[in-house]
Amino acid sequence: MTRASRTDGGTDTDSGHHTRDGRVALDKTGLPTWLDPVVRAGETVEPLQLSRFLPPENGSGRQSAVLILFGEGSSGPELLLMERAGSLRSHAGQPSFPGGALDPEDGDPRTDGPLRAALREAEEETGLDPAGVQLFGVLPKLYIPVSGFVVTPVLGWWRQPTPVRAVDPNETARVFTVPVADLTDPANRATAIHPRGYAGPAFLVESALVWGFTAGVIDRLLHYSGWERPWDREKQVPLDWRS
């Protein structure tokens with residue numbers, strides 16, 4: 001899948017996110033105006049407004065980060081997602097944001113470590129060029145109890161889109177973009193029901209069922225950005241035990 005470059009008045013630096021001392025920093029200049037609600041949501045949302053699962057107070061959990069990357073395609077604003085390979089031991093076949101655990105070289109998880117990790121993992125998984133990504137916000141850290149990951153969601157603007165693909169088929173089945181208009185379409189929304197008792201938001205888009213952590217974050221972002229449209233919360237999609 002190839003993405004065309006565009007000009008939006010943003011900064012045209014070597015990377016758009018590196019400071020003079022080599023650190024990765026957030027930059028809110030030159031963003032398209034349609035991202036303003038997302039910027040505000042990122043600045044004001046509280047942890048419990050995103051999820052009831054928050055990092056353990058004792059500091060345990062494996063530090064990780066995901067990249068929530070907004071671009072602009074032929075159908076307007078869109079999000080970059082990937083589908084995990086069906087052979088993986090955990091979360092097999094699930095759509096997700098690019099991301100993963102912090103490596104030592106990513107740096108301090110309390111400062112720019114999650115920013116570096118989000119960009120590095122996105123490059124490793126989707127092949128995108130981090131130089132075209134402008135990071136503009138960070139959401140509160142969340143917790144995934146089933147895996148023990150403490151996740152920092154990093155917000156980015158795909159200022160200069162580049163081709164993306166499933167770099168390693170053993171880990172990633174495909175990489176795709178989803179128009180925000182499809183995510184807000186009530187016809188594409190449902191509540192996922194897992195046999196273990198989990199119930200949460202789901203999106204049926206691009207021949208995929210997005211649920212779990214990824215769907216929960218998208219759902220809250222749409223809500224606090226004011227993009228959410230009324231949808232039928234009684235519409236259910238059953239999940240199987242392997243999910």
# chains A, B, ... in the order shown; residues from 1 in each chain; ligands from 1

call {"tool": "residues_around", "arguments": {"residues": "Trp157 of chain A", "least_positions_apart": "4", "cutoff": "6 Å", "atoms": "only C-alpha atoms", "output": "list in words"}}
result
Leu69, Phe70, Val133 and Gln134 of chain A

call {"tool": "residues_around", "arguments": {"residues": "Ala208 of chain A", "least_positions_apart": "2", "cutoff": "9 Å", "atoms": "only C-alpha atoms", "output": "number ranges by chain"}}
result
A: 83, 94-95, 203-206, 210

call {"tool": "write_last_selection", "arguments": {"atoms": "all heavy atoms", "output": "short mmCIF file (atom, residue, chain, number, x, y, z; two decimals), in the first residue's frame"}}
result
data_model
loop_
_atom_site.label_atom_id
_atom_site.label_comp_id
_atom_site.auth_asym_id
_atom_site.auth_seq_id
_atom_site.Cartn_x
_atom_site.Cartn_y
_atom_site.Cartn_z
N GLU A 83 -2.63 -5.93 11.56
CA GLU A 83 -3.26 -7.15 12.03
C GLU A 83 -2.18 -8.16 12.38
O GLU A 83 -1.32 -8.48 11.56
CB GLU A 83 -4.18 -7.72 10.95
CG GLU A 83 -5.02 -8.88 11.41
CD GLU A 83 -6.04 -9.29 10.36
OE1 GLU A 83 -6.80 -8.41 9.90
OE2 GLU A 83 -6.04 -10.47 9.98
N GLN A 94 -5.39 -10.36 15.89
CA GLN A 94 -6.08 -9.15 16.32
C GLN A 94 -5.51 -7.91 15.64
O GLN A 94 -4.29 -7.75 15.55
CB GLN A 94 -5.96 -8.97 17.84
CG GLN A 94 -6.85 -9.85 18.67
CD GLN A 94 -6.86 -9.42 20.12
OE1 GLN A 94 -6.68 -8.26 20.45
NE2 GLN A 94 -7.06 -10.38 21.01
N PRO A 95 -6.38 -7.02 15.18
CA PRO A 95 -5.90 -5.71 14.73
C PRO A 95 -5.39 -4.91 15.93
O PRO A 95 -5.92 -5.03 17.04
CB PRO A 95 -7.15 -5.07 14.12
CG PRO A 95 -8.05 -6.22 13.80
CD PRO A 95 -7.80 -7.22 14.89
N PHE A 203 -15.23 -2.51 16.45
CA PHE A 203 -15.42 -1.86 15.16
C PHE A 203 -15.26 -2.91 14.07
O PHE A 203 -14.29 -3.68 14.08
CB PHE A 203 -14.39 -0.75 14.95
CG PHE A 203 -14.43 0.34 15.98
CD1 PHE A 203 -13.76 0.20 17.19
CD2 PHE A 203 -15.13 1.51 15.75
CE1 PHE A 203 -13.78 1.20 18.15
CE2 PHE A 203 -15.18 2.52 16.71
CZ PHE A 203 -14.50 2.36 17.91
N LEU A 204 -16.21 -2.96 13.14
CA LEU A 204 -16.13 -3.88 12.01
C LEU A 204 -15.76 -3.05 10.78
O LEU A 204 -16.63 -2.47 10.11
CB LEU A 204 -17.46 -4.61 11.81
CG LEU A 204 -17.88 -5.53 12.97
CD1 LEU A 204 -18.82 -4.78 13.93
CD2 LEU A 204 -18.56 -6.77 12.46
N VAL A 205 -14.45 -2.97 10.50
CA VAL A 205 -13.94 -2.12 9.43
C VAL A 205 -12.83 -2.84 8.66
O VAL A 205 -12.09 -3.64 9.23
CB VAL A 205 -13.38 -0.80 10.00
CG1 VAL A 205 -14.51 0.09 10.52
CG2 VAL A 205 -12.37 -1.07 11.11
N GLU A 206 -12.72 -2.54 7.37
CA GLU A 206 -11.65 -3.08 6.54
C GLU A 206 -11.51 -4.60 6.68
O GLU A 206 -10.40 -5.13 6.81
CB GLU A 206 -10.31 -2.39 6.87
CG GLU A 206 -10.32 -0.89 6.66
CD GLU A 206 -10.51 -0.50 5.20
OE1 GLU A 206 -10.01 -1.23 4.33
OE2 GLU A 206 -11.17 0.52 4.95
N VAL A 210 -12.08 -5.05 15.10
CA VAL A 210 -11.18 -4.39 16.04
C VAL A 210 -11.85 -4.39 17.41
O VAL A 210 -12.95 -3.87 17.56
CB VAL A 210 -10.88 -2.94 15.60
CG1 VAL A 210 -9.86 -2.31 16.53
CG2 VAL A 210 -10.38 -2.92 14.16
#

call {"tool": "select_by_dssp", "arguments": {"residues": "segment 173-206 of chain A", "states": "strand (DSSP E or B)", "output": "list in words"}}
result
Ala173, Arg174, Val175, Phe176, Thr177, Val178, Pro179, Arg189, Ala190, Thr191, Ala192, Ile193, Ala199, Gly200, Pro201, Ala202, Phe203, Leu204 and Val205 of chain A

call {"tool": "write_last_selection", "arguments": {"atoms": "N, CA and C atoms", "output": "PDB file, in the first residue's frame"}}
result
ATOM      1  N   ALA A 173       0.207  -9.854   9.866  1.00  0.00           N
ATOM      2  CA  ALA A 173      -0.497 -10.379   8.701  1.00  0.00           C
ATOM      3  C   ALA A 173      -0.689  -9.303   7.637  1.00  0.00           C
ATOM      4  N   ARG A 174      -1.018  -8.090   8.059  1.00  0.00           N
ATOM      5  CA  ARG A 174      -1.200  -6.997   7.107  1.00  0.00           C
ATOM      6  C   ARG A 174      -1.162  -5.666   7.841  1.00  0.00           C
ATOM      7  N   VAL A 175      -0.945  -4.606   7.073  1.00  0.00           N
ATOM      8  CA  VAL A 175      -0.965  -3.236   7.575  1.00  0.00           C
ATOM      9  C   VAL A 175      -1.982  -2.471   6.740  1.00  0.00           C
ATOM     10  N   PHE A 176      -2.834  -1.694   7.396  1.00  0.00           N
ATOM     11  CA  PHE A 176      -3.896  -1.014   6.649  1.00  0.00           C
ATOM     12  C   PHE A 176      -4.297   0.271   7.357  1.00  0.00           C
ATOM     13  N   THR A 177      -4.968   1.148   6.618  1.00  0.00           N
ATOM     14  CA  THR A 177      -5.507   2.373   7.193  1.00  0.00           C
ATOM     15  C   THR A 177      -7.031   2.282   7.219  1.00  0.00           C
ATOM     16  N   VAL A 178      -7.619   2.936   8.219  1.00  0.00           N
ATOM     17  CA  VAL A 178      -9.072   2.957   8.383  1.00  0.00           C
ATOM     18  C   VAL A 178      -9.540   4.410   8.425  1.00  0.00           C
ATOM     19  N   PRO A 179     -10.430   4.815   7.523  1.00  0.00           N
ATOM     20  CA  PRO A 179     -10.960   6.175   7.602  1.00  0.00           C
ATOM     21  C   PRO A 179     -11.683   6.399   8.925  1.00  0.00           C
ATOM     22  N   ARG A 189     -20.253  -0.241  14.242  1.00  0.00           N
ATOM     23  CA  ARG A 189     -19.959  -0.326  15.659  1.00  0.00           C
ATOM     24  C   ARG A 189     -20.783  -1.425  16.330  1.00  0.00           C
ATOM     25  N   ALA A 190     -20.205  -2.031  17.365  1.00  0.00           N
ATOM     26  CA  ALA A 190     -20.884  -3.102  18.096  1.00  0.00           C
ATOM     27  C   ALA A 190     -20.206  -3.275  19.451  1.00  0.00           C
ATOM     28  N   THR A 191     -20.764  -4.144  20.261  1.00  0.00           N
ATOM     29  CA  THR A 191     -20.163  -4.526  21.538  1.00  0.00           C
ATOM     30  C   THR A 191     -19.654  -5.953  21.420  1.00  0.00           C
ATOM     31  N   ALA A 192     -18.356  -6.145  21.649  1.00  0.00           N
ATOM     32  CA  ALA A 192     -17.753  -7.475  21.585  1.00  0.00           C
ATOM     33  C   ALA A 192     -17.981  -8.202  22.904  1.00  0.00           C
ATOM     34  N   ILE A 193     -18.392  -9.466  22.808  1.00  0.00           N
ATOM     35  CA  ILE A 193     -18.668 -10.277  23.998  1.00  0.00           C
ATOM     36  C   ILE A 193     -17.770 -11.509  23.977  1.00  0.00           C
ATOM     37  N   ALA A 199     -16.699  -7.592  27.897  1.00  0.00           N
ATOM     38  CA  ALA A 199     -17.611  -6.880  27.005  1.00  0.00           C
ATOM     39  C   ALA A 199     -17.033  -5.495  26.769  1.00  0.00           C
ATOM     40  N   GLY A 200     -16.878  -5.114  25.517  1.00  0.00           N
ATOM     41  CA  GLY A 200     -16.303  -3.812  25.220  1.00  0.00           C
ATOM     42  C   GLY A 200     -16.589  -3.396  23.799  1.00  0.00           C
ATOM     43  N   PRO A 201     -16.231  -2.179  23.447  1.00  0.00           N
ATOM     44  CA  PRO A 201     -16.516  -1.658  22.108  1.00  0.00           C
ATOM     45  C   PRO A 201     -15.772  -2.429  21.030  1.00  0.00           C
ATOM     46  N   ALA A 202     -16.368  -2.478  19.856  1.00  0.00           N
ATOM     47  CA  ALA A 202     -15.756  -3.144  18.712  1.00  0.00           C
ATOM     48  C   ALA A 202     -16.097  -2.369  17.447  1.00  0.00           C
ATOM     49  N   PHE A 203     -15.230  -2.511  16.451  1.00  0.00           N
ATOM     50  CA  PHE A 203     -15.421  -1.864  15.160  1.00  0.00           C
ATOM     51  C   PHE A 203     -15.260  -2.912  14.066  1.00  0.00           C
ATOM     52  N   LEU A 204     -16.207  -2.965  13.143  1.00  0.00           N
ATOM     53  CA  LEU A 204     -16.133  -3.877  12.010  1.00  0.00           C
ATOM     54  C   LEU A 204     -15.763  -3.055  10.780  1.00  0.00           C
ATOM     55  N   VAL A 205     -14.452  -2.974  10.495  1.00  0.00           N
ATOM     56  CA  VAL A 205     -13.937  -2.123   9.431  1.00  0.00           C
ATOM     57  C   VAL A 205     -12.834  -2.843   8.665  1.00  0.00           C
TER      58      VAL A 205
END

call {"tool": "closest_atom_pairs", "arguments": {"of": "segment 49-85 of chain A", "to": "segment 215-219 of chain A", "cutoff": "10 Å", "atoms": "only C-alpha atoms", "output": "JSON lines"}}
result
{"residue": "A:Leu50", "atom": "CA", "partner": "A:Val217", "partner_atom": "CA", "distance": 6.7}
{"residue": "A:Ser51", "atom": "CA", "partner": "A:Gly216", "partner_atom": "CA", "distance": 7.7}
{"residue": "A:Ile68", "atom": "CA", "partner": "A:Ile218", "partner_atom": "CA", "distance": 9.0}
{"residue": "A:Leu79", "atom": "CA", "partner": "A:Ile218", "partner_atom": "CA", "distance": 9.6}

call {"tool": "residues_around", "arguments": {"residues": "Gly71 of chain A", "least_positions_apart": "6", "cutoff": "6 Å", "atoms": "only C-alpha atoms", "output": "ChimeraX atom specification"}}
result
/A:77-78,158

call {"tool": "write_last_selection", "arguments": {"atoms": "C-alpha atoms", "output": "mmCIF file, in the first residue's frame"}}
result
data_model
loop_
_atom_site.group_PDB
_atom_site.id
_atom_site.type_symbol
_atom_site.label_atom_id
_atom_site.label_comp_id
_atom_site.auth_asym_id
_atom_site.auth_seq_id
_atom_site.Cartn_x
_atom_site.Cartn_y
_atom_site.Cartn_z
ATOM 1 C CA PRO A 77 -8.722 11.530 8.187
ATOM 2 C CA GLU A 78 -7.605 7.959 8.827
ATOM 3 C CA TRP A 158 1.583 11.351 9.410
#

call {"tool": "residues_around", "arguments": {"residues": "segment 194-197 of chain A", "least_positions_apart": "6", "cutoff": "8 Å", "atoms": "only C-alpha atoms", "output": "PyMOL selection string"}}
result
chain A and resi 238-241+243

call {"tool": "write_last_selection", "arguments": {"atoms": "all heavy atoms", "output": "compact mmCIF listing (two decimals), in the first residue's frame"}}
result
# COMPACT_ATOMS: atom_id res chain seq x y z
N PRO A 238 -20.13 -11.85 19.09
CA PRO A 238 -19.51 -12.83 19.98
C PRO A 238 -18.08 -13.16 19.57
O PRO A 238 -17.76 -13.23 18.38
CB PRO A 238 -20.43 -14.06 19.82
CG PRO A 238 -21.00 -13.92 18.44
CD PRO A 238 -21.14 -12.45 18.19
N LEU A 239 -17.22 -13.33 20.56
CA LEU A 239 -15.85 -13.74 20.34
C LEU A 239 -15.70 -15.19 20.77
O LEU A 239 -16.45 -15.67 21.63
CB LEU A 239 -14.88 -12.87 21.15
CG LEU A 239 -14.93 -11.37 20.87
CD1 LEU A 239 -14.11 -10.62 21.91
CD2 LEU A 239 -14.42 -11.06 19.47
N ASP A 240 -14.75 -15.91 20.19
CA ASP A 240 -14.56 -17.31 20.59
C ASP A 240 -13.45 -17.41 21.64
O ASP A 240 -12.76 -16.45 21.95
CB ASP A 240 -14.28 -18.22 19.39
CG ASP A 240 -13.01 -17.86 18.65
OD1 ASP A 240 -12.06 -17.39 19.30
OD2 ASP A 240 -12.96 -18.05 17.42
N TRP A 241 -13.26 -18.58 22.19
CA TRP A 241 -12.29 -18.79 23.27
C TRP A 241 -10.86 -18.52 22.82
O TRP A 241 -10.00 -18.21 23.65
CB TRP A 241 -12.40 -20.24 23.78
CG TRP A 241 -13.57 -20.46 24.67
CD1 TRP A 241 -14.75 -21.11 24.36
CD2 TRP A 241 -13.73 -20.03 26.02
NE1 TRP A 241 -15.61 -21.09 25.44
CE2 TRP A 241 -15.01 -20.45 26.46
CE3 TRP A 241 -12.91 -19.31 26.91
CZ2 TRP A 241 -15.47 -20.18 27.75
CZ3 TRP A 241 -13.38 -19.05 28.19
CH2 TRP A 241 -14.64 -19.49 28.60
N SER A 243 -9.83 -16.09 21.06
CA SER A 243 -9.56 -14.67 20.92
C SER A 243 -8.82 -14.13 22.15
O SER A 243 -9.01 -14.62 23.25
CB SER A 243 -10.86 -13.89 20.74
OG SER A 243 -11.52 -14.30 19.58

call {"tool": "atom_distance", "arguments": {"atom1": "atom CA of Ala131 of chain A", "atom2": "atom CA of Leu155 of chain A"}}
result
14.9 Å

call {"tool": "residues_around", "arguments": {"residues": "segment 103-114 of chain A", "least_positions_apart": "4", "cutoff": "8 Å", "atoms": "only C-alpha atoms", "output": "PyMOL selection string"}}
result
chain A and resi 23-25+63-65+118+152+154

call {"tool": "write_last_selection", "arguments": {"atoms": "N, CA, C and O atoms", "output": "PDB file, in the first residue's frame"}}
result
ATOM      1  N   ARG A  23      17.113  14.206  21.674  1.00  0.00           N
ATOM      2  CA  ARG A  23      15.928  13.658  22.318  1.00  0.00           C
ATOM      3  C   ARG A  23      14.722  13.800  21.397  1.00  0.00           C
ATOM      4  O   ARG A  23      14.680  14.656  20.520  1.00  0.00           O
ATOM      5  N   VAL A  24      13.741  12.943  21.613  1.00  0.00           N
ATOM      6  CA  VAL A  24      12.499  13.017  20.851  1.00  0.00           C
ATOM      7  C   VAL A  24      11.510  13.863  21.640  1.00  0.00           C
ATOM      8  O   VAL A  24      11.312  13.643  22.831  1.00  0.00           O
ATOM      9  N   ALA A  25      10.902  14.837  20.992  1.00  0.00           N
ATOM     10  CA  ALA A  25      10.000  15.757  21.679  1.00  0.00           C
ATOM     11  C   ALA A  25       8.676  15.855  20.935  1.00  0.00           C
ATOM     12  O   ALA A  25       8.576  15.543  19.748  1.00  0.00           O
ATOM     13  N   GLN A  63       7.040  -1.951  30.548  1.00  0.00           N
ATOM     14  CA  GLN A  63       6.802  -0.686  29.863  1.00  0.00           C
ATOM     15  C   GLN A  63       6.740  -0.894  28.352  1.00  0.00           C
ATOM     16  O   GLN A  63       7.594  -1.554  27.761  1.00  0.00           O
ATOM     17  N   SER A  64       5.724  -0.327  27.724  1.00  0.00           N
ATOM     18  CA  SER A  64       5.560  -0.436  26.281  1.00  0.00           C
ATOM     19  C   SER A  64       4.879   0.819  25.753  1.00  0.00           C
ATOM     20  O   SER A  64       4.455   1.690  26.519  1.00  0.00           O
ATOM     21  N   ALA A  65       4.781   0.913  24.437  1.00  0.00           N
ATOM     22  CA  ALA A  65       4.155   2.073  23.807  1.00  0.00           C
ATOM     23  C   ALA A  65       3.513   1.663  22.496  1.00  0.00           C
ATOM     24  O   ALA A  65       3.943   0.701  21.857  1.00  0.00           O
ATOM     25  N   ALA A 118       7.623   3.906  20.347  1.00  0.00           N
ATOM     26  CA  ALA A 118       6.484   3.910  19.434  1.00  0.00           C
ATOM     27  C   ALA A 118       6.945   4.060  17.993  1.00  0.00           C
ATOM     28  O   ALA A 118       6.464   3.357  17.091  1.00  0.00           O
ATOM     29  N   THR A 152       1.933   3.166  26.985  1.00  0.00           N
ATOM     30  CA  THR A 152       1.811   4.598  26.739  1.00  0.00           C
ATOM     31  C   THR A 152       1.319   4.810  25.312  1.00  0.00           C
ATOM     32  O   THR A 152       2.034   4.504  24.356  1.00  0.00           O
ATOM     33  N   VAL A 154       0.910   6.933  22.175  1.00  0.00           N
ATOM     34  CA  VAL A 154       1.559   8.128  21.628  1.00  0.00           C
ATOM     35  C   VAL A 154       0.794   8.581  20.388  1.00  0.00           C
ATOM     36  O   VAL A 154       0.553   7.792  19.470  1.00  0.00           O
TER      37      VAL A 154
END

call {"tool": "atom_distance", "arguments": {"atom1": "atom CA of Pro163 of chain A", "atom2": "atom CA of Val66 of chain A"}}
result
19.1 Å
